[in-house]
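Printed here is target02.csv (CSV, C-alpha atoms and all ligand atoms):
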chain,number,residue,atom,x,y,z
A,1,MET,CA,25.8,10.1,12.7
A,2,THR,CA,26.3,6.3,12.1
A,3,ARG,CA,23.9,5.0,9.6
A,4,ARG,CA,22.9,1.4,9.5
A,5,VAL,CA,24.0,-0.4,6.3
A,6,LEU,CA,21.1,-1.7,4.1
A,7,VAL,CA,21.7,-4.5,1.6
A,8,SER,CA,18.8,-5.0,-0.7
A,9,GLY,CA,18.2,-7.9,-3.1
A,10,ASN,CA,16.3,-6.8,-6.2
A,11,TRP,CA,15.2,-10.0,-7.9
A,12,LYS,CA,13.6,-8.3,-10.9
A,13,MET,CA,11.5,-10.7,-12.9
A,14,ASN,CA,13.1,-13.8,-11.4
A,15,HIS,CA,12.0,-16.6,-9.0
A,16,ASN,CA,8.4,-17.9,-9.1
A,17,HIS,CA,6.7,-18.3,-5.7
A,18,PHE,CA,8.1,-21.8,-5.2
A,19,GLU,CA,11.6,-20.7,-5.9
A,20,SER,CA,11.1,-17.7,-3.7
A,21,ILE,CA,10.1,-19.8,-0.7
A,22,GLN,CA,13.1,-22.1,-1.3
A,23,PHE,CA,15.4,-19.0,-1.3
A,24,VAL,CA,14.0,-17.8,2.0
A,25,GLN,CA,14.4,-21.2,3.6
A,26,LYS,CA,17.9,-21.4,2.4
A,27,LEU,CA,18.7,-17.9,3.6
A,28,ALA,CA,17.1,-18.7,7.0
A,29,ALA,CA,19.5,-21.7,7.5
A,30,ILE,CA,22.5,-19.6,6.4
A,31,LEU,CA,21.7,-16.7,8.7
A,32,ARG,CA,20.9,-19.1,11.7
A,33,ALA,CA,24.4,-20.6,11.3
A,34,SER,CA,26.0,-17.2,10.8
A,35,PRO,CA,23.9,-14.1,11.5
A,36,LEU,CA,24.4,-10.8,9.7
A,37,PRO,CA,26.8,-8.6,11.6
A,38,SER,CA,25.3,-5.9,13.9
A,39,GLY,CA,24.5,-2.7,12.1
A,40,ARG,CA,23.5,-4.5,8.9
A,41,ASP,CA,19.9,-4.6,7.6
A,42,ALA,CA,18.7,-6.6,4.6
A,43,SER,CA,15.7,-6.4,2.4
A,44,LEU,CA,14.3,-8.8,-0.3
A,45,HIS,CA,12.4,-7.4,-3.3
A,46,PRO,CA,10.7,-10.3,-5.0
A,47,PRO,CA,8.2,-10.0,-7.9
A,48,PHE,CA,4.7,-9.1,-6.8
A,49,THR,CA,3.5,-12.7,-7.2
A,50,SER,CA,6.0,-13.9,-4.6
A,51,LEU,CA,5.4,-11.2,-2.0
A,52,ARG,CA,2.9,-13.0,0.1
A,53,SER,CA,4.9,-16.3,0.0
A,54,VAL,CA,8.1,-14.5,1.0
A,55,GLN,CA,6.3,-12.7,3.8
A,56,THR,CA,4.9,-15.9,5.2
A,57,ALA,CA,8.2,-17.7,4.9
A,58,VAL,CA,10.2,-14.9,6.5
A,59,GLU,CA,7.7,-14.7,9.4
A,60,SER,CA,7.4,-18.4,10.1
A,61,ASP,CA,11.2,-18.8,10.1
A,62,ALA,CA,11.8,-15.4,11.8
A,63,VAL,CA,14.3,-14.5,9.2
A,64,PRO,CA,15.9,-11.1,10.0
A,65,VAL,CA,15.1,-9.5,6.6
A,66,ALA,CA,12.6,-6.8,5.6
A,67,LEU,CA,10.1,-7.3,2.9
A,68,GLY,CA,10.5,-5.0,-0.1
A,69,ALA,CA,8.8,-4.4,-3.4
A,70,GLN,CA,10.2,-3.4,-6.8
A,71,ASP,CA,7.7,-0.8,-7.8
A,72,CYS,CA,4.2,0.5,-7.2
A,73,HIS,CA,1.6,2.8,-8.7
A,74,GLY,CA,1.2,6.4,-7.6
A,75,MET,CA,-2.5,6.1,-7.0
A,76,ASP,CA,-4.1,4.1,-4.2
A,77,ARG,CA,-6.8,2.4,-6.3
A,78,GLY,CA,-8.7,2.7,-9.6
A,79,ALA,CA,-8.9,1.6,-13.2
A,80,PHE,CA,-5.2,0.9,-13.8
A,81,THR,CA,-5.1,-2.6,-15.2
A,82,GLY,CA,-2.1,-4.6,-14.2
A,83,GLU,CA,-0.9,-2.1,-11.6
A,84,VAL,CA,-0.3,-2.6,-7.8
A,85,SER,CA,-0.7,0.2,-5.3
A,86,ALA,CA,1.4,1.2,-2.4
A,87,GLU,CA,-1.6,0.7,-0.2
A,88,MET,CA,-1.8,-2.9,-1.2
A,89,LEU,CA,2.0,-3.4,-0.5
A,90,ALA,CA,1.7,-1.8,2.9
A,91,LYS,CA,-1.1,-4.3,3.8
A,92,LEU,CA,1.2,-7.1,2.9
A,93,GLY,CA,3.8,-6.0,5.4
A,94,VAL,CA,6.2,-4.4,2.8
A,95,SER,CA,8.7,-2.0,4.4
A,96,TYR,CA,10.8,-0.8,1.4
A,97,VAL,CA,9.7,0.0,-2.1
A,98,ILE,CA,12.1,0.7,-5.0
A,99,VAL,CA,10.9,3.7,-7.1
A,100,GLY,CA,12.4,4.9,-10.3
A,101,HIS,CA,14.6,2.0,-11.1
A,102,SER,CA,16.4,2.7,-14.4
A,103,GLU,CA,14.7,-0.4,-16.0
A,104,ARG,CA,11.3,1.2,-15.2
A,105,ARG,CA,12.4,4.5,-16.5
A,106,THR,CA,13.9,3.0,-19.7
A,107,TYR,CA,11.5,0.2,-20.6
A,108,PHE,CA,8.3,1.6,-19.1
A,109,GLY,CA,8.7,5.3,-19.8
A,110,GLU,CA,8.7,6.5,-16.2
A,111,THR,CA,9.5,10.2,-16.0
A,112,ASP,CA,10.9,12.0,-13.0
A,113,GLU,CA,7.3,13.3,-12.3
A,114,ILE,CA,5.9,9.7,-12.3
A,115,VAL,CA,8.7,8.7,-9.9
A,116,ARG,CA,7.7,11.6,-7.6
A,117,ALA,CA,4.1,10.5,-7.5
A,118,LYS,CA,5.2,6.9,-6.6
A,119,LEU,CA,7.4,8.3,-3.9
A,120,ASP,CA,4.5,10.2,-2.5
A,121,ALA,CA,2.4,7.0,-2.5
A,122,VAL,CA,5.1,5.0,-0.7
A,123,LEU,CA,5.4,7.7,2.0
A,124,ARG,CA,1.6,8.1,2.3
A,125,HIS,CA,1.5,4.4,3.4
A,126,ALA,CA,4.4,4.8,5.9
A,127,MET,CA,6.9,2.7,3.9
A,128,THR,CA,10.5,3.6,3.0
A,129,PRO,CA,11.2,4.5,-0.6
A,130,ILE,CA,14.4,3.4,-2.2
A,131,LEU,CA,14.8,6.1,-4.8
A,132,CYS,CA,17.0,5.1,-7.7
A,133,VAL,CA,19.0,7.7,-9.6
A,134,GLY,CA,21.9,7.4,-12.0
A,135,GLU,CA,23.4,8.4,-15.4
A,136,THR,CA,23.8,6.7,-18.7
A,137,LEU,CA,27.2,6.0,-20.2
A,138,ASP,CA,26.7,8.9,-22.7
A,139,GLU,CA,25.9,11.3,-19.8
A,140,ARG,CA,28.9,10.2,-17.9
A,141,GLN,CA,31.3,10.5,-20.8
A,142,GLY,CA,29.8,13.9,-21.6
A,143,GLY,CA,30.5,15.1,-18.0
A,144,ARG,CA,26.8,15.3,-17.2
A,145,ALA,CA,26.5,12.6,-14.6
A,146,GLU,CA,26.2,14.9,-11.6
A,147,GLU,CA,23.8,17.2,-13.4
A,148,LYS,CA,21.5,14.2,-14.3
A,149,VAL,CA,21.5,12.9,-10.7
A,150,SER,CA,20.8,16.4,-9.3
A,151,ALA,CA,17.8,16.8,-11.6
A,152,GLN,CA,16.4,13.4,-10.6
A,153,LEU,CA,16.8,14.3,-6.9
A,154,GLY,CA,15.4,17.7,-7.4
A,155,THR,CA,12.1,16.5,-8.9
A,156,ALA,CA,11.7,13.7,-6.4
A,157,LEU,CA,12.7,15.6,-3.2
A,158,SER,CA,12.0,19.3,-3.5
A,159,LYS,CA,9.4,20.8,-1.1
A,160,ARG,CA,9.5,17.9,1.3
A,161,PRO,CA,10.2,18.4,5.0
A,162,GLY,CA,13.8,17.5,5.9
A,163,SER,CA,12.6,15.1,8.5
A,164,VAL,CA,10.8,13.1,5.8
A,165,VAL,CA,13.8,13.2,3.4
A,166,GLY,CA,16.1,12.1,6.1
A,167,GLY,CA,14.3,8.8,6.4
A,168,LEU,CA,14.7,7.9,2.7
A,169,VAL,CA,17.1,5.6,0.9
A,170,VAL,CA,18.7,6.8,-2.3
A,171,ALA,CA,20.3,4.2,-4.6
A,172,TYR,CA,22.9,5.5,-6.9
A,173,GLU,CA,22.8,3.1,-9.9
A,174,PRO,CA,24.9,4.2,-12.9
A,175,ILE,CA,22.9,2.7,-15.8
A,176,TRP,CA,26.1,1.5,-17.5
A,177,ALA,CA,26.9,-0.7,-14.6
A,178,ILE,CA,23.5,-2.5,-14.2
A,179,GLY,CA,23.6,-6.1,-15.3
A,180,THR,CA,26.7,-5.4,-17.4
A,181,GLY,CA,29.4,-6.8,-15.2
A,182,GLU,CA,30.9,-3.2,-15.2
A,183,THR,CA,31.1,-1.9,-11.7
A,184,ALA,CA,31.7,1.7,-10.8
A,185,THR,CA,35.1,2.0,-9.0
A,186,ALA,CA,34.8,2.6,-5.3
A,187,SER,CA,36.0,6.2,-6.0
A,188,ASP,CA,33.2,6.7,-8.6
A,189,ALA,CA,30.7,5.4,-6.1
A,190,GLN,CA,32.0,7.5,-3.2
A,191,HIS,CA,32.2,10.6,-5.4
A,192,MET,CA,28.5,10.3,-6.5
A,193,ALA,CA,27.3,9.3,-3.0
A,194,ALA,CA,29.0,12.4,-1.6
A,195,HIS,CA,27.4,14.5,-4.3
A,196,ILE,CA,24.0,13.0,-3.5
A,197,ARG,CA,24.4,13.9,0.2
A,198,ARG,CA,25.4,17.5,-0.7
A,199,GLU,CA,22.4,17.8,-3.0
A,200,VAL,CA,20.1,16.5,-0.3
A,201,GLU,CA,21.6,19.1,2.1
A,202,ARG,CA,21.0,21.9,-0.4
A,203,LEU,CA,17.4,20.7,-1.1
A,204,SER,CA,16.3,19.6,2.4
A,205,GLY,CA,18.9,20.7,5.0
A,206,ALA,CA,21.7,19.1,7.0
A,207,GLU,CA,19.5,16.9,9.1
A,208,ALA,CA,18.1,15.2,6.0
A,209,ALA,CA,21.6,14.8,4.5
A,210,GLY,CA,22.8,13.2,7.7
A,211,GLY,CA,19.9,10.8,7.9
A,212,ILE,CA,19.5,9.5,4.3
A,213,ARG,CA,21.1,6.2,3.4
A,214,VAL,CA,22.9,6.1,0.1
A,215,GLN,CA,23.1,2.7,-1.6
A,216,TYR,CA,25.3,1.8,-4.6
A,217,GLY,CA,23.9,-0.5,-7.2
A,218,GLY,CA,25.3,-2.0,-10.4
A,219,SER,CA,27.0,-5.4,-10.8
A,220,VAL,CA,27.6,-5.8,-7.1
A,221,THR,CA,29.1,-9.2,-6.2
A,222,PRO,CA,30.4,-10.8,-3.0
A,223,GLU,CA,33.9,-10.0,-4.4
A,224,ASN,CA,33.5,-6.2,-4.8
A,225,ALA,CA,31.0,-5.6,-2.0
A,226,ARG,CA,33.6,-5.0,0.7
A,227,VAL,CA,35.4,-2.2,-1.1
A,228,LEU,CA,32.1,-0.5,-2.1
A,229,LEU,CA,30.9,-0.6,1.5
A,230,SER,CA,34.2,0.8,2.7
A,231,CYS,CA,33.3,4.2,1.0
A,232,PRO,CA,32.4,6.7,3.8
A,233,ASP,CA,29.2,7.9,2.0
A,234,VAL,CA,28.0,4.5,0.8
A,235,ASP,CA,25.5,3.1,3.4
A,236,GLY,CA,24.4,0.0,1.5
A,237,LEU,CA,24.0,-1.9,-1.7
A,238,LEU,CA,21.2,-2.6,-4.1
A,239,VAL,CA,22.0,-5.9,-5.7
A,240,GLY,CA,20.4,-7.5,-8.8
A,241,GLY,CA,21.9,-10.6,-10.3
A,242,ALA,CA,24.1,-11.6,-7.3
A,243,SER,CA,21.1,-11.5,-5.0
A,244,LEU,CA,19.4,-14.4,-6.7
A,245,GLY,CA,21.3,-17.0,-4.7
A,246,ALA,CA,20.9,-17.1,-0.9
A,247,GLU,CA,24.7,-17.8,-0.3
A,248,GLY,CA,25.8,-14.9,-2.5
A,249,PHE,CA,23.3,-12.5,-1.0
A,250,ALA,CA,24.3,-13.4,2.6
A,251,ALA,CA,28.0,-13.0,1.6
A,252,ILE,CA,27.3,-9.5,0.3
A,253,GLY,CA,25.4,-8.8,3.6
A,254,ARG,CA,28.4,-9.7,5.6
A,255,ALA,CA,31.1,-8.2,3.3
A,256,GLY,CA,33.7,-6.2,5.1
A,257,ALA,CA,32.1,-6.3,8.6
A,301,LIG,P1,22.8,-5.9,-11.1
A,301,LIG,O1,21.4,-5.0,-10.9
A,301,LIG,O2,23.3,-6.1,-9.7
A,301,LIG,O3,22.3,-7.2,-11.7
A,301,LIG,O4,23.7,-5.1,-11.9
A,301,LIG,C1,21.4,-4.0,-10.0
A,301,LIG,C2,20.0,-3.3,-10.0
A,301,LIG,O5,19.5,-3.1,-11.1
A,301,LIG,O6,19.4,-3.0,-9.0
Same coordinates, now as structure tokens:
Amino acid sequence: MTRRVLVSGNWKMNHNHFESIQFVQKLAAILRASPLPSGRDASLHPPFTSLRSVQTAVESDAVPVALGAQDCHGMDRGAFTGEVSAEMLAKLGVSYVIVGHSERRTYFGETDEIVRAKLDAVLRHAMTPILCVGETLDERQGGRAEEKVSAQLGTALSKRPGSVVGGLVVAYEPIWAIGTGETATASDAQHMAAHIRREVERLSGAEAAGGIRVQYGGSVTPENARVLLSCPDVDGLLVGGASLGAEGFAAIGRAGA
């Protein structure tokens, strides 16, 4: 099955709503002059405070990118000061929600169980989760990378229908490569992407394994995007730092096509 490639820009805690609108206007002009190749999808994941502005700017300029969020809460409403629910995101026109990013897991104590609840919430509101998995440097050096990723996938995906799992995006983000300038080699990325697909097949069946899209994330740049996207099991990229400029993001979206 040919899967569409998804390139996602995770802005993290960058770009206030003015800067976000400027980004979208610039991206609109770039993509008007030179559209993304066919078979390529893009999503933008601004901070919550920019979602509405980005949505309006994307709609008014008909920019061919989907709206994404960086996180959500597992409950739909209630006394959870400071939190944003998946229901609220769906109302804003969000299509993709990142869950279980390693920065959430590390700095905000998110466990695999919390990540599963968030994934449930995203699915409940008919959006597509981008489930992040990945190992630390210690785990990699200790030969435990696959085991770690399998455990994260197991908690998030077990007992879900294959048809649901087949619609998900899984982002393989080795923690040692995030924001460090260290990128996994294409062969590391391919190896783990293939492992993820095998695990999904074991947990949820062949249809699910054929349907899921596996992104690679961690120090992706316009320079290394082509070789990463050439890996047979890599169906997209989750991009942090290099997605903050419209030119660079568009260049990554076009890489290798
Ligand atoms: P980076 O971040 O591209 O800045 O390494 C990737 C991510 O955390 O999604």
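With distances restricted to only C-alpha atoms, A:Phe249 is the closest residue to Leu36 (chain A) from A:Phe249, A:Phe48, A:Phe108, A:Trp176.
Using all atoms listed in the file as the basis for the distance check, residues found within 6 Å of ligand LIG 301 (chain A) are Asn10, Ile178, Gly179, Gly217, Gly218, Ser219, Val220, Leu238, Val239, Gly240 and Gly241 of chain A.
A search radius of 9 Å centred on (18.0, -16.2, 3.1), applied to all atoms listed in the file, returns the residues A:Gln22, A:Phe23, A:Val24, A:Gln25, A:Lys26, A:Leu27, A:Ala28, A:Ala29, A:Ile30, A:Leu31, A:Leu44, A:Val58, A:Val63, A:Pro64, A:Val65, A:Gly245, A:Ala246, A:Glu247, A:Phe249, A:Ala250.
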With the cut-off set at 8 Å and counting only C-alpha atoms, tabulate each residue of region 96-163 of chain A with an atom at most that distance from an atom of region 198-213 of chain A, showing the nearest atom pair and its distance in Å to one decimal, ordered by chain and increasing number, as JSON lines.
{"residue": "A:Ser150", "atom": "CA", "partner": "A:Glu199", "partner_atom": "CA", "distance": 6.6}
{"residue": "A:Leu153", "atom": "CA", "partner": "A:Glu199", "partner_atom": "CA", "distance": 7.7}
{"residue": "A:Gly154", "atom": "CA", "partner": "A:Leu203", "partner_atom": "CA", "distance": 7.3}
{"residue": "A:Leu157", "atom": "CA", "partner": "A:Leu203", "partner_atom": "CA", "distance": 7.2}
{"residue": "A:Ser158", "atom": "CA", "partner": "A:Leu203", "partner_atom": "CA", "distance": 6.1}
{"residue": "A:Lys159", "atom": "CA", "partner": "A:Ser204", "partner_atom": "CA", "distance": 7.8}
{"residue": "A:Arg160", "atom": "CA", "partner": "A:Ser204", "partner_atom": "CA", "distance": 7.1}
{"residue": "A:Pro161", "atom": "CA", "partner": "A:Ser204", "partner_atom": "CA", "distance": 6.7}
{"residue": "A:Gly162", "atom": "CA", "partner": "A:Ser204", "partner_atom": "CA", "distance": 4.8}
{"residue": "A:Ser163", "atom": "CA", "partner": "A:Ala208", "partner_atom": "CA", "distance": 6.0}
Exercise for review: State, in Å with one decimal place, the distance from CA of Gly236 (chain A) to CA of Val214 (chain A).
Suggested key: 6.4 Å
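Residues with any atom within 10 Å of Arg104 (chain A), counting all atoms listed in the file and excluding same-chain neighbours fewer than 5 positions away, are Gln70, Asp71, Val99, Gly109, Glu110, Thr111 and Val115 of chain A.
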Practice item. Record the distance separating CA of His73 (chain A) and CA of Lys118 (chain A), expressed in Å with one decimal. Key: 5.8 Å
Point to revise | Among the residues A:Ala33, A:Leu229, A:Ala66, A:Met192, the one that comes closest to Leu51 (chain A) [using only C-alpha atoms] | key: A:Ala66
Identify, on the basis of all atoms listed in the file, every residue whose closest approach to region 130-133 of chain A does not exceed 9 Å; exclude the query and any residue fewer than 2 positions from it along the same chain; express the result as a short mmCIF file (atom, residue, chain, number, x, y, z; two decimals) with C-alpha atoms, in the coordinates of the input.
data_model
loop_
_atom_site.label_atom_id
_atom_site.label_comp_id
_atom_site.auth_asym_id
_atom_site.auth_seq_id
_atom_site.Cartn_x
_atom_site.Cartn_y
_atom_site.Cartn_z
CA TYR A 96 10.80 -0.80 1.40
CA VAL A 97 9.70 0.00 -2.10
CA ILE A 98 12.10 0.70 -5.00
CA VAL A 99 10.90 3.70 -7.10
CA GLY A 100 12.40 4.90 -10.30
CA HIS A 101 14.60 2.00 -11.10
CA SER A 102 16.40 2.70 -14.40
CA VAL A 115 8.70 8.70 -9.90
CA LEU A 119 7.40 8.30 -3.90
CA THR A 128 10.50 3.60 3.00
CA GLU A 135 23.40 8.40 -15.40
CA LYS A 148 21.50 14.20 -14.30
CA VAL A 149 21.50 12.90 -10.70
CA SER A 150 20.80 16.40 -9.30
CA GLN A 152 16.40 13.40 -10.60
CA LEU A 153 16.80 14.30 -6.90
CA ALA A 156 11.70 13.70 -6.40
CA LEU A 168 14.70 7.90 2.70
CA VAL A 169 17.10 5.60 0.90
CA VAL A 170 18.70 6.80 -2.30
CA ALA A 171 20.30 4.20 -4.60
CA TYR A 172 22.90 5.50 -6.90
CA GLU A 173 22.80 3.10 -9.90
CA PRO A 174 24.90 4.20 -12.90
CA ILE A 175 22.90 2.70 -15.80
CA GLN A 215 23.10 2.70 -1.60
CA GLY A 217 23.90 -0.50 -7.20
#
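With all atoms listed in the file taken into account, the protein and nucleic acid residues at most 12 Å from Gly74 (chain A) (excluding it and anything under 5 positions from it in its own chain) are Phe80, Glu83, Val84, Ser85, Ala86, Glu87, Met88, Val97, Val99, Gly100, Glu110, Glu113, Ile114, Val115, Arg116, Ala117, Lys118, Leu119, Asp120, Ala121, Val122, Leu123, Arg124 and His125 of chain A.
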Would you output that residue set with C-alpha atoms, as a PDB file, keeping the file's coordinate frame?
ATOM      1  CA  PHE A  80      -5.200   0.900 -13.800  1.00  0.00           C
ATOM      2  CA  GLU A  83      -0.900  -2.100 -11.600  1.00  0.00           C
ATOM      3  CA  VAL A  84      -0.300  -2.600  -7.800  1.00  0.00           C
ATOM      4  CA  SER A  85      -0.700   0.200  -5.300  1.00  0.00           C
ATOM      5  CA  ALA A  86       1.400   1.200  -2.400  1.00  0.00           C
ATOM      6  CA  GLU A  87      -1.600   0.700  -0.200  1.00  0.00           C
ATOM      7  CA  MET A  88      -1.800  -2.900  -1.200  1.00  0.00           C
ATOM      8  CA  VAL A  97       9.700   0.000  -2.100  1.00  0.00           C
ATOM      9  CA  VAL A  99      10.900   3.700  -7.100  1.00  0.00           C
ATOM     10  CA  GLY A 100      12.400   4.900 -10.300  1.00  0.00           C
ATOM     11  CA  GLU A 110       8.700   6.500 -16.200  1.00  0.00           C
ATOM     12  CA  GLU A 113       7.300  13.300 -12.300  1.00  0.00           C
ATOM     13  CA  ILE A 114       5.900   9.700 -12.300  1.00  0.00           C
ATOM     14  CA  VAL A 115       8.700   8.700  -9.900  1.00  0.00           C
ATOM     15  CA  ARG A 116       7.700  11.600  -7.600  1.00  0.00           C
ATOM     16  CA  ALA A 117       4.100  10.500  -7.500  1.00  0.00           C
ATOM     17  CA  LYS A 118       5.200   6.900  -6.600  1.00  0.00           C
ATOM     18  CA  LEU A 119       7.400   8.300  -3.900  1.00  0.00           C
ATOM     19  CA  ASP A 120       4.500  10.200  -2.500  1.00  0.00           C
ATOM     20  CA  ALA A 121       2.400   7.000  -2.500  1.00  0.00           C
ATOM     21  CA  VAL A 122       5.100   5.000  -0.700  1.00  0.00           C
ATOM     22  CA  LEU A 123       5.400   7.700   2.000  1.00  0.00           C
ATOM     23  CA  ARG A 124       1.600   8.100   2.300  1.00  0.00           C
ATOM     24  CA  HIS A 125       1.500   4.400   3.400  1.00  0.00           C
TER      25      HIS A 125
END
Exercise for review: Could you please determine the separation between CA of Asp61 (chain A) and CA of Gly9 (chain A) in Å, to one decimal place?
Suggested key: 18.5 Å
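In this comparison, which uses all atoms listed in the file, the residue of A:Val54, A:Ala186, A:Met13, A:Val227 approaching Gly93 (chain A) most closely is A:Val54.
Among the candidates A:Cys231, A:Lys91, A:Arg105, A:Val7, the residue lying nearest to Gly248 (chain A) is A:Val7 (atoms considered: all atoms listed in the file).
With distances restricted to all atoms listed in the file, A:Glu146 is the closest residue to Ala194 (chain A) from A:Glu146, A:Glu182, A:Glu103, A:Glu223.
Minimum distance to Ala90 (chain A) across A:Ala126, A:Ala62, A:Val5, A:Met75 (counting only C-alpha atoms) occurs at A:Ala126.
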